[in-house]
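Asker: Have a look at this one.
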Amino acid sequence: MSEAAADRIRVAVVDDHEMFRAGVIATLRDSFDIVGQAADVPGSVAMIAQTKPQVVLLDVHVPGGEGGGGAEILTKSRAYSPATVFLALSVSDAPQDVGSVIRAGAQGYVTKTITGADLISSIKQVHEGYAVFSPKLAGFVLSAFQGVPAAGADDAAPAHDEELDRLSAREQEVMRLIARGYTYKEVAAELFISIKTVETHVSSVLRKLQLSNRTELTRWAADRRIV
């Protein structure tokens with residue numbers, strides 16, 4: 001092995017969407033040593049304990065475990081691989097998602113709209129000890145470090161919203177994108193799922209929240225400051 005190859009940053013990828021995970025690995029493999037991948041909480045913790053990557057790309061909404069997703073993986077992995085740094089890579093830019101992984105110790109948080117070149121740069125930066133965040137997340141990150149809700153004041157959304165808790169992690173992802181004005185086609189492309197699957201999720205969201213259309217959904221999400 002050449003000296004340059006030996007010095008390559010060892011990276012692992014955690015994401016429950018197989019096609020997205022494969023795409024990320026294909027983008028990164030020429031620049032990094034990809035040492036592992038996983039799709040759920042227990043599998044991720046075990047993989048990190050075994051491979052001890054230098055950087056983990058971590059999705060926020062990962063199934064399994066106790067339901068804590070990326071933050072749970074980060075917390076449980078620390079004892080097995082204390083030198084590993086985590087860079088969250090998520091479709092969500094919701095304050096509570098950003099805050100959960102930052103408080104758990106993530107070194108950065110970028111959204112899945114990032115370009116391949118910028119993702120490569122972000123991995124190198126967190127490996128060097130820098131904090132890296134998508135520009136629009138700056139306010140959320142500041143609030144998270146200060147320990148106050150991003151919404152602020154007395155009308156902030158409660159930590160546990162019973163209506164929101166009715167939705168699965170995937171339904172919450174779809175709901176947030178729809179509430180931000182994404183078309184079904186754009187949601188499908190963003191989440192690497194079919195348009196038919198998006199339609200199914202939207203129907204389920206509206207039924208669970210007892211809403212009639214996406215306009216009401218947007219208002220519902222805005223009232224809770226989760227878009």
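Chains: A, B, ... in order of the structure tokens. Residues: from 1 per chain. Ligands: from 1, in order shown.
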Extract the full set of strand (DSSP E or B) residues from region 2-200 of chain A according to DSSP on the backbone, and format it as a list in words.
Answerer: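 The residues of region 2-200 of chain A classed as strand (DSSP E or B) are Arg10, Val11, Ala12, Val13, Val14, Asp33, Ile34, Val35, Gly36, Gln37, Ala38, Val55, Val56, Leu57, Leu58, Val85, Phe86, Leu87, Ala88, Leu89, Ser90, Gly108, Tyr109, Val110, Thr111, Val132 and Phe133 of chain A.
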Asker: Taking only C-alpha atoms into account, produce a table as CSV in which each residue of region 66-119 of chain A with an atom at most 8 Å from an atom of region 37-53 of chain A appears once, together with its shortest atom pair and the distance in Å to one decimal, ordered by chain and rising number.
Answerer:
residue,atom,partner,partner_atom,distance
A:Gly69,CA,A:Val41,CA,6.5
A:Gly70,CA,A:Val41,CA,7.5
A:Glu72,CA,A:Val41,CA,7.3
A:Ile73,CA,A:Val41,CA,5.7
A:Lys76,CA,A:Val45,CA,6.7
A:Ser77,CA,A:Val45,CA,5.4
A:Tyr80,CA,A:Ala49,CA,5.0
A:Ser81,CA,A:Lys52,CA,5.5
A:Thr84,CA,A:Pro53,CA,6.0
Asker: Next, write the just-selected residues to a file, as an mmCIF file, in the first residue's frame, keeping N, CA, C and O atoms as the atom set.
Answerer:
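Wrote again_0.cif, looks like this:
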data_model
loop_
_atom_site.group_PDB
_atom_site.id
_atom_site.type_symbol
_atom_site.label_atom_id
_atom_site.label_comp_id
_atom_site.auth_asym_id
_atom_site.auth_seq_id
_atom_site.Cartn_x
_atom_site.Cartn_y
_atom_site.Cartn_z
ATOM 1 N N GLY A 69 -32.325 7.227 16.957
ATOM 2 C CA GLY A 69 -31.711 7.518 15.666
ATOM 3 C C GLY A 69 -30.229 7.815 15.739
ATOM 4 O O GLY A 69 -29.468 7.188 16.479
ATOM 5 N N GLY A 70 -29.818 8.822 14.965
ATOM 6 C CA GLY A 70 -28.410 9.168 14.878
ATOM 7 C C GLY A 70 -27.800 9.564 16.208
ATOM 8 O O GLY A 70 -26.650 9.212 16.508
ATOM 9 N N GLU A 72 -28.606 8.496 19.128
ATOM 10 C CA GLU A 72 -28.398 7.275 19.925
ATOM 11 C C GLU A 72 -27.146 6.532 19.460
ATOM 12 O O GLU A 72 -26.361 6.034 20.283
ATOM 13 N N ILE A 73 -26.952 6.463 18.144
ATOM 14 C CA ILE A 73 -25.753 5.810 17.607
ATOM 15 C C ILE A 73 -24.509 6.520 18.113
ATOM 16 O O ILE A 73 -23.542 5.887 18.574
ATOM 17 N N LYS A 76 -23.978 5.839 21.945
ATOM 18 C CA LYS A 76 -23.592 4.471 22.263
ATOM 19 C C LYS A 76 -22.234 4.083 21.677
ATOM 20 O O LYS A 76 -21.570 3.172 22.189
ATOM 21 N N SER A 77 -21.811 4.757 20.608
ATOM 22 C CA SER A 77 -20.551 4.395 19.943
ATOM 23 C C SER A 77 -19.337 5.007 20.617
ATOM 24 O O SER A 77 -18.218 4.518 20.432
ATOM 25 N N TYR A 80 -16.868 2.799 22.444
ATOM 26 C CA TYR A 80 -16.147 1.826 21.636
ATOM 27 C C TYR A 80 -15.106 2.473 20.726
ATOM 28 O O TYR A 80 -14.114 1.842 20.371
ATOM 29 N N SER A 81 -15.361 3.710 20.319
ATOM 30 C CA SER A 81 -14.443 4.383 19.392
ATOM 31 C C SER A 81 -14.403 5.878 19.711
ATOM 32 O O SER A 81 -14.950 6.704 18.981
ATOM 33 N N THR A 84 -13.473 8.673 17.058
ATOM 34 C CA THR A 84 -14.295 8.875 15.861
ATOM 35 C C THR A 84 -15.036 10.208 15.946
ATOM 36 O O THR A 84 -15.580 10.562 16.990
#
Asker: Just want the 10 Å neighbourhood of Ser168 (chain A), counted on only C-alpha atoms, with same-chain residues fewer than 5 positions away dropped. Output as a list in words.
Answerer: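 Answer for this query is His61, Pro63, Glu173, Val174, His201, Ser204 and Val205 of chain A.
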Asker: Neighbouring residues of Ala12 (chain A) were defined as those with any atom within 7 Å, considering only C-alpha atoms; residues of the same chain fewer than 3 positions away were excluded. Please report them as a short mmCIF file (atom, residue, chain, number, x, y, z; two decimals) with N, CA and C atoms, in the first residue's frame.
Answerer:
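As a result, result25.cif now contains:
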data_model
loop_
_atom_site.label_atom_id
_atom_site.label_comp_id
_atom_site.auth_asym_id
_atom_site.auth_seq_id
_atom_site.Cartn_x
_atom_site.Cartn_y
_atom_site.Cartn_z
N ILE A 34 -13.28 3.69 2.61
CA ILE A 34 -14.60 3.37 3.16
C ILE A 34 -14.48 2.05 3.92
N VAL A 35 -14.61 2.12 5.24
CA VAL A 35 -14.34 0.95 6.08
C VAL A 35 -15.60 0.25 6.56
N GLY A 36 -16.77 0.88 6.40
CA GLY A 36 -17.99 0.23 6.87
C GLY A 36 -19.23 1.00 6.49
N GLN A 37 -20.36 0.32 6.59
CA GLN A 37 -21.65 0.95 6.35
C GLN A 37 -22.70 0.22 7.16
N PRO A 53 -13.84 3.86 12.58
CA PRO A 53 -13.57 4.86 11.52
C PRO A 53 -13.15 6.19 12.12
N VAL A 55 -14.04 9.09 10.62
CA VAL A 55 -15.22 9.93 10.40
C VAL A 55 -16.40 9.05 10.06
N VAL A 56 -17.54 9.34 10.68
CA VAL A 56 -18.79 8.65 10.33
C VAL A 56 -19.77 9.67 9.75
N LEU A 57 -20.26 9.38 8.55
CA LEU A 57 -21.36 10.15 7.98
C LEU A 57 -22.64 9.56 8.56
#
Asker: Provide the CA of Ala106 (chain A) to CA of Ala71 (chain A) distance in Å, to one decimal place.
Answerer: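 Computed distance, CA of Ala106 (chain A) to CA of Ala71 (chain A), equals 8.3 Å.
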Asker: Using only C-alpha atoms, which protein or nucleic acid residues come within 12 Å of Leu206 (chain A)? Drop anything in the same chain fewer than 3 positions from it, and give the result as a list in words.
Answerer: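 In the requested form, the answer reads Glu163, Leu164, Arg166, Leu167, Glu171, Gln172, Val174, Met175, Ile178, Ala179, Glu199, Thr200, His201, Val202, Ser203, Leu209, Gln210, Leu211, Ser212, Asn213, Arg214, Thr215, Glu216, Leu217, Thr218, Trp220 and Ala221 of chain A.
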Asker: Please run DSSP on the backbone and report, as a ChimeraX atom specification, all residues within region 21-189 of chain A that come out as helix (DSSP H, G or I).
Answerer: /A:21-28,41-51,69-77,95-104,116-127,135-146,162-165,169-179,184-189
Asker: Which one is closest to Val60 (chain A): A:Ser100, A:Thr183, A:Thr75, A:Ser31? Count only C-alpha atoms.
Answerer: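 Selected residue with least distance to Val60 (chain A): A:Ser100.
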Asker: Considering only C-alpha atoms, return as a list in words whatever protein or nucleic-acid residues lie within 7 Å of region 195-197 of chain A, sequence-local ones (same chain, fewer than 6 positions apart) excluded.
Answerer: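 With the cut-off at 7 Å, the set is Tyr184, Lys185 and Ala188 of chain A.
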Asker: Please produce an output containing all heavy atoms for each residue in the selection, written as a PDB file, in the first residue's frame.
Answerer:
ATOM      1  N   TYR A 184     -44.320  16.403  -5.265  1.00  0.00           N
ATOM      2  CA  TYR A 184     -44.156  14.974  -5.029  1.00  0.00           C
ATOM      3  C   TYR A 184     -42.907  14.455  -5.745  1.00  0.00           C
ATOM      4  O   TYR A 184     -42.160  13.628  -5.209  1.00  0.00           O
ATOM      5  CB  TYR A 184     -45.388  14.200  -5.493  1.00  0.00           C
ATOM      6  CG  TYR A 184     -46.597  14.329  -4.600  1.00  0.00           C
ATOM      7  CD1 TYR A 184     -46.599  15.188  -3.503  1.00  0.00           C
ATOM      8  CD2 TYR A 184     -47.745  13.590  -4.859  1.00  0.00           C
ATOM      9  CE1 TYR A 184     -47.705  15.306  -2.681  1.00  0.00           C
ATOM     10  CE2 TYR A 184     -48.869  13.692  -4.036  1.00  0.00           C
ATOM     11  CZ  TYR A 184     -48.839  14.564  -2.956  1.00  0.00           C
ATOM     12  OH  TYR A 184     -49.932  14.665  -2.145  1.00  0.00           O
ATOM     13  N   LYS A 185     -42.685  14.933  -6.964  1.00  0.00           N
ATOM     14  CA  LYS A 185     -41.527  14.491  -7.731  1.00  0.00           C
ATOM     15  C   LYS A 185     -40.229  14.903  -7.046  1.00  0.00           C
ATOM     16  O   LYS A 185     -39.269  14.123  -6.986  1.00  0.00           O
ATOM     17  CB  LYS A 185     -41.590  15.088  -9.148  1.00  0.00           C
ATOM     18  CG  LYS A 185     -40.451  14.649 -10.060  1.00  0.00           C
ATOM     19  CD  LYS A 185     -40.611  15.235 -11.456  1.00  0.00           C
ATOM     20  CE  LYS A 185     -39.488  14.797 -12.377  1.00  0.00           C
ATOM     21  NZ  LYS A 185     -39.632  15.370 -13.742  1.00  0.00           N
ATOM     22  N   ALA A 188     -39.665  12.729  -3.977  1.00  0.00           N
ATOM     23  CA  ALA A 188     -39.211  11.405  -4.397  1.00  0.00           C
ATOM     24  C   ALA A 188     -37.717  11.415  -4.734  1.00  0.00           C
ATOM     25  O   ALA A 188     -36.973  10.507  -4.330  1.00  0.00           O
ATOM     26  CB  ALA A 188     -40.025  10.939  -5.610  1.00  0.00           C
TER      27      ALA A 188
END
Asker: For Ser90 (chain A), which residue among A:Glu162, A:Glu186, A:Glu66, A:Asp15 is the nearest when counting only C-alpha atoms?
Answerer: A:Asp15
Asker: Using only C-alpha atoms, determine which residues lie at most 8 Å from region 17-29 of chain A, disregarding the query and same-chain residues fewer than 4 positions distant; provide the list as an MDAnalysis selection string.
Answerer: chainID A and resid 13 33:34 39 116 120 192
Asker: Any chance you could export the current selection's C-alpha atoms as a PDB file, in the first residue's frame?
Answerer:
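As a result, selection_31.pdb now contains:
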ATOM      1  CA  VAL A  13     -21.545   5.656   6.171  1.00  0.00           C
ATOM      2  CA  ASP A  33     -11.004   4.569   2.655  1.00  0.00           C
ATOM      3  CA  ILE A  34     -14.596   3.373   3.161  1.00  0.00           C
ATOM      4  CA  ALA A  39     -28.578   0.917   8.094  1.00  0.00           C
ATOM      5  CA  GLY A 116     -20.257  15.672  -3.805  1.00  0.00           C
ATOM      6  CA  ILE A 120     -15.686  15.534   0.468  1.00  0.00           C
ATOM      7  CA  PHE A 192     -34.713   8.243  -3.284  1.00  0.00           C
TER       8      PHE A 192
END
Asker: Nearest to Val101 (chain A): which of A:Val198, A:Ile193, A:Leu74, A:Ala83 is it, counting only C-alpha atoms?
Answerer: A:Leu74
Asker: Restricting the calculation to only C-alpha atoms, which member of A:Gly129, A:Lys112, A:Arg207, A:Ile9 is positioned closest to Ala189 (chain A)?
Answerer: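 Result for the nearest residue to Ala189 (chain A): A:Lys112.
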Asker: When you draw a straight line from CA of Ser134 (chain A) to CA of Ser122 (chain A), how long is it in Å?
Answerer: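 Answer for the CA of Ser134 (chain A) to CA of Ser122 (chain A) separation: 9.8 Å.
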Asker: Which of these, A:Arg8, A:Arg180, A:Arg219, A:Lys124, has the shortest distance to Gln107 (chain A) once you count only C-alpha atoms?
Answerer: A:Lys124
Asker: Hey, can you check how far CA of Thr113 (chain A) sits from CA of Val187 (chain A)?
Answerer: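 According to the coordinates, CA of Thr113 (chain A) and CA of Val187 (chain A) are separated by 11.9 Å.
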